[in-house]
Every structure is written in structure tokens, then in C-alpha cells.
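These notes are about the structure you will find just below.
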Amino acid sequence: MPILPRQALLLAWIAAACVGFVVAPAPASPPAMTHEEIAAIQRGIDRLVDDTRAWQRERGDVVIPWPEAQGHLAIVIDDVGRELHLFEQLLGLRFQLTFSVLPGSVYAAGAQLRLRGDRRRYREIMLHLPMEPIDASHMQAGAEVRETFLRVDDDPDTLRAKLEFALGIVPAAVGVNNHMGSRLSADAVAMDSLMSVLRDRGLYFVDSRTTAATQAESAARRAGVRTLPRAVFLDEDPTEEAIDRALSQAAKMSRERPTVAIAHPSPEVIRVLDARLPELRRQGVGIYPVSQLLRAVEPAGVP
Ligand SMILES: [Zn+2]
């Protein structure tokens with residue numbers, strides 16, 4: 001078959017390229033480094049390692065490796081985003097607290113940025129989802145008017161839409177717990193409709209247990225959503241002595257099984273956590289993000 005002029009041209013071009021590749025001189029190798037230069041680089045690396053170790057010693061998180069701890073406790077700080085002063089102090093604690101952000105709060109976005117601001121210190125973020133309480137007047141009190149509560153009169157589609165909207169405001173959330181909700185969380189149909197959203201998004205649920213009649217945890221289990229109940233409210237009685245006692249109780253429970261405690265930002269909570277968490281650590285009780293507790297308690301095969 002005769003070779004067409006265009007094919008001949010292409011073959012000639014390929015041949016020329018091959019020849020060029022073979023005969024072209026190799027690029028010059030970079031000049032070898034002197035001993036002084038190598039030593040200077042090494043000094044820089046040593047300084048970086050020393051600085052990192054010093055930071056970890058003086059400011060880094062205080063963590064007990066999971067298998068070495070005798071107690072495993074998660075502390076969820078609720079109502080995050082309403083103020084910054086107490087929040088910053090909680091953020092300054094060298095323990096892996098979990099922060100649950102209210103979607104309608106003034107500082108919802110700012111708090112998430114701060115929580116994500118230091119990559120060396122993981123601070124887990126949850127969505128604190130407002131749900132209707134038995135006393136409906138609570139939804140109108142103070143800062144609550146900013147929140148879009150999930151109501152018992154909402155149909156399943158409305159409930160799911162409100163949850164999706166709230167997740168859009170707290171996109172960093174890896175889990176959800178309820179704010180109030182003594183009425184709505186007792187409604188099994190409502191809880192079932194919400195859990196499908198959490199399952200699809202791979203989010204976990206912590207039942208705040210604001211009512212003994214809550215259906216939230218069982219709905220989560222039915223839907224295959226990873227879940228743990230709140231075991232202790234640290235500041236149900238907000239005095240320092242009572243918070244101290246509740247923390248001791250939570251620590252004791254955490255030696256039996258991974259335990260979730262909930263607290264709210266207050267000077268008393270901060271003082272107790274600041275004083276007691278290093279002590280608990282010396283006693284073998286570690287503070288972990290909720291997701292780490294869930295990984296330990298979930299039986300294999302559950303998504
Ligand atoms: Zn709350």
C-alpha cells in the first residue's frame with residue numbers, strides 16, 4: 001500500500017523525535033550539597049522536632065491511648081454559638097471535648113471556624129437540633145426565638161426539611177443531639193422520619209434524654225444510626241459542688257462502659273472541668289470525642 005504524504009510526514013517527525021531524544025545531552029545534575037549545607041538542614045529539622053515536642057508538652061491535648069484507659073468518657077458541650085467568652089475558655093482546655101452547635105445561634109458559623117481552626121487539636125462538632133419541649137413557652141424565651149424548632153405538628157417531610165436546613169448551617173457536624181425536645185422526642189413517628197436523614201448522611205445521634213418517654217434512641221437503632229444516650233447531665237444542678245459530684249458519677253460509670261455526659265457553658269462548669277479533668281486522667285479516665293466511643297461500642301456490621 002503506498003504511503004500517503006501525510007503519513008510519511010508523521011513517520012519522519014516521529015523518527016526525528018526519537019533521534020533527538022537519544023542524542024540530546026542529559027540535563028546537568030545539580031551541584032552536590034556541601035557538608036555545611038546538609039548540617040544546616042538537619043539543624044532546621046531538629047529545631048522543628050523540638051518545637052513540636054515542646055508545644056505538645058505545654059499546650060497539646062492530654063490524651064490517654066484508648067486501650068490504656070480504665071475509663072472512657074465523652075463530654076458534650078451543648079448550646080454552643082450563643083456566646084464566645086465561655087466557649088473560648090472551653091476551647092482552651094487540653095481535653096477532647098465535643099461541641100454541639102445551635103443552628104440559629106448568633107455565632108454558629110464563627111464557633112465552627114474556631115473549632116476547626118487548629119488542626120493539631122481535634123474538636124468534634126455536633127448539631128444541637130432544637131425540638132419542641134412539653135412547655136411550649138420555652139421556645140419563645142430569650143435566645144430561643146432565633147431557633148427553628150422541630151414541632152409535633154410538623155409532618156415527616158417538614159421535619160426532615162428542617163433537619164436538612166439545620167445541617168446546612170452546621171456542615172461540620174458529624175453527629176446530632178436534641179436541644180430540649182421533651183415533647184417531640186417522645187414521638188416515635190417523628191423520630192423515625194429524622195433518623196432516615198441521619199442514616200443517609202452517616203451521622204450519629206446522641207439522645208439528650210430530656211424525657212423518660214424518649215423514643216429517639218430506639219428509633220436510631222431501628223434505622224441503623226449509630227447512637228449513644230446521654231448518661232449524665234453534669235450541670236442539671238448548676239452549683240460547682242453539684243457539677244463536681246456529677247462528674248465523679250460520670251467518671252465512675254465510664255469505668256463500666258463508654259459514657260456520654262452533657263454540660264453547658266458556664267463559669268462553674270469551666271472551673272470544675274479545668275480542675276478535675278487532669279486529676280481524672282491521672283486516675284486513668286480519658287476524655288474522647290463521641291465518635292470514638294461509638295467506634296468502640298458498635299457491634300461489627302452495623303453501619
Ligand atoms: Zn440545649
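Numbering starts fresh at 1 for the residues of each chain in the C-alpha cells, the chains themselves are lettered A, B, ... in the order given, and ligands are numbered from 1 as they appear.
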Item checked: Cut-off 12 Å, only C-alpha atoms and all ligand atoms, neighbours of ligand 1 as a PyMOL selection string -> chain A and resi 76-82+99-105+126-133+138-139+143-144+147+149+176-182+207-210+233+235-236+262-265
Could the residues in this selection be saved with C-alpha atoms as a compact mmCIF listing (two decimals), in the first residue's frame?
# COMPACT_ATOMS: atom_id res chain seq x y z
CA VAL A 76 -20.61 17.17 75.05
CA ILE A 77 -20.88 20.94 75.49
CA ASP A 78 -24.41 21.94 74.44
CA ASP A 79 -25.81 25.32 73.35
CA VAL A 80 -22.60 26.36 71.55
CA GLY A 81 -22.81 29.57 69.49
CA ARG A 82 -24.74 31.83 71.85
CA PHE A 99 -19.15 20.82 70.92
CA SER A 100 -22.81 20.87 69.89
CA VAL A 101 -23.71 23.97 67.89
CA LEU A 102 -27.19 25.56 67.88
CA PRO A 103 -28.06 26.35 64.24
CA GLY A 104 -29.94 29.59 64.98
CA SER A 105 -27.31 30.98 67.35
CA MET A 126 -22.30 18.18 66.56
CA LEU A 127 -25.56 19.80 65.51
CA HIS A 128 -27.68 20.72 68.54
CA LEU A 129 -31.12 20.30 66.99
CA PRO A 130 -33.96 22.32 68.61
CA MET A 131 -37.02 20.16 69.31
CA GLU A 132 -40.33 21.07 70.88
CA PRO A 133 -40.46 20.73 74.68
CA HIS A 138 -39.78 27.76 76.42
CA MET A 139 -39.49 28.09 72.64
CA ALA A 143 -32.39 33.44 72.55
CA GLU A 144 -34.75 30.55 71.71
CA GLU A 147 -34.19 28.86 66.61
CA PHE A 149 -37.85 24.24 66.44
CA VAL A 176 -26.65 15.31 66.23
CA ASN A 177 -28.26 15.65 69.65
CA ASN A 178 -31.51 17.27 70.69
CA HIS A 179 -31.86 20.70 72.30
CA MET A 180 -34.90 20.45 74.63
CA GLY A 181 -37.35 18.07 72.88
CA SER A 182 -39.19 16.58 75.88
CA ASP A 207 -30.24 11.13 72.74
CA SER A 208 -30.08 14.02 75.22
CA ARG A 209 -32.87 12.21 77.13
CA THR A 210 -34.86 15.28 78.13
CA PHE A 233 -26.13 15.95 82.84
CA ASP A 235 -24.89 20.77 85.40
CA GLU A 236 -28.52 19.90 85.99
CA ILE A 262 -23.54 16.68 78.70
CA ALA A 263 -22.76 20.12 80.12
CA HIS A 264 -23.49 23.73 79.18
CA PRO A 265 -21.11 26.68 79.01
Item checked: alpha helix (DSSP H) per DSSP on the backbone: members of range 177-218 of chain A, as a PyMOL selection string -> chain A and resi 188-201+216-218
Next item on the list: Find, counting only C-alpha atoms, the residue in A:Ile287, A:Leu9, A:Leu150, A:Val19 that gets nearest to Val260 in chain A.
Entry: A:Ile287
Item checked: Selection: 10 Å around Ala188 in chain A, only C-alpha atoms, excl. self and same-chain fewer than 3 positions, as a list of chain:residue names -> A:Leu184, A:Ser185, A:Met191, A:Asp192, A:Ser193, A:Ala213, A:Thr214, A:Gln215, A:Ala216, A:Glu217, A:Ser218, A:Ala219
Item checked: From A:Thr211, A:Gln249, A:Ser196, A:Gln292, residue lying nearest Leu228 in chain A [only C-alpha atoms] ->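 Of the candidates, the smallest distance to Leu228 in chain A is held by A:Gln292.
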Check: What residues in range 110-154 of chain A get the DSSP label strand (DSSP E)? Please answer as a PyMOL selection string.
Finding: chain A and resi 124-131
Residues from the last selection, N, CA and C atoms, saved as a short mmCIF file (atom, residue, chain, number, x, y, z; two decimals), in the first residue's frame:
data_model
loop_
_atom_site.label_atom_id
_atom_site.label_comp_id
_atom_site.auth_asym_id
_atom_site.auth_seq_id
_atom_site.Cartn_x
_atom_site.Cartn_y
_atom_site.Cartn_z
N GLU A 124 -14.52 17.74 68.12
CA GLU A 124 -15.65 17.23 67.36
C GLU A 124 -16.83 18.20 67.43
N ILE A 125 -17.53 18.31 66.30
CA ILE A 125 -18.67 19.22 66.19
C ILE A 125 -19.95 18.41 65.98
N MET A 126 -20.97 18.78 66.74
CA MET A 126 -22.30 18.18 66.56
C MET A 126 -23.29 19.29 66.25
N LEU A 127 -24.42 18.89 65.68
CA LEU A 127 -25.56 19.80 65.51
C LEU A 127 -26.47 19.63 66.72
N HIS A 128 -26.78 20.75 67.38
CA HIS A 128 -27.68 20.72 68.54
C HIS A 128 -29.07 21.11 68.02
N LEU A 129 -29.88 20.10 67.74
CA LEU A 129 -31.12 20.30 66.99
C LEU A 129 -32.29 20.67 67.91
N PRO A 130 -32.87 21.88 67.72
CA PRO A 130 -33.96 22.32 68.61
C PRO A 130 -35.25 21.52 68.35
N MET A 131 -35.78 20.94 69.41
CA MET A 131 -37.02 20.16 69.31
C MET A 131 -38.01 20.65 70.35
#
Margin query: Neighbouring residues of Arg120 in chain A were defined as those with any atom within 10 Å, considering only C-alpha atoms; residues of the same chain fewer than 6 positions away were excluded. Please report them as a PyMOL selection string.
Written below: chain A and resi 56+60-61
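A straight line drawn from CA of Ile64 in chain A to CA of Pro267 in chain A is 26.1 Å long.
The coordinates place CA of Val297 in chain A at 15.0 Å from CA of Gln70 in chain A.
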